[in-house]
Amino acid sequence: AMRLALVVSAPMILASLVVGILVSLFQVATSLQDATLAFVPKILAIFVTLLLALPFMADSLHGYMMRISSRIIGG
């Protein structure tokens, strides 16, 4: 379950990490230190990544639930 949670959440975490690093580099290059500047690109990146990764995430969670339910039924 812990590995599945890590695998399912990894695309959003990696997208947030990459966008955060890019925004930080942009802020350092332009000396623009606005705290709210990092939030909007991260939220947009997470939303787009969620839309793209949703079939993979649903399939992974469905497969896990089917394995768990078959073990419960099988005893």
# chains A, B, ... in the order shown; residues from 1 in each chain; ligands from 1
$ residues_around --residues "Arg3 (chain A)" --least-positions-apart "4" --cutoff "12 Å" --atoms "only C-alpha atoms" --output "ChimeraX atom specification"
/A:7-10,60-61,64
$ closest_residue --among "A:Met12, A:Val18, A:Ile73, A:Val23" --to "Leu54 (chain A)" --atoms "only C-alpha atoms"
A:Met12
$ residues_around --residues "region 46-48 of chain A" --least-positions-apart "2" --cutoff "12 Å" --atoms "only C-alpha atoms" --output "ChimeraX atom specification"
/A:9-20,39-44,50-54
$ atom_distance --atom1 "CA of Leu4 (chain A)" --atom2 "CA of Pro55 (chain A)"
14.7 Å
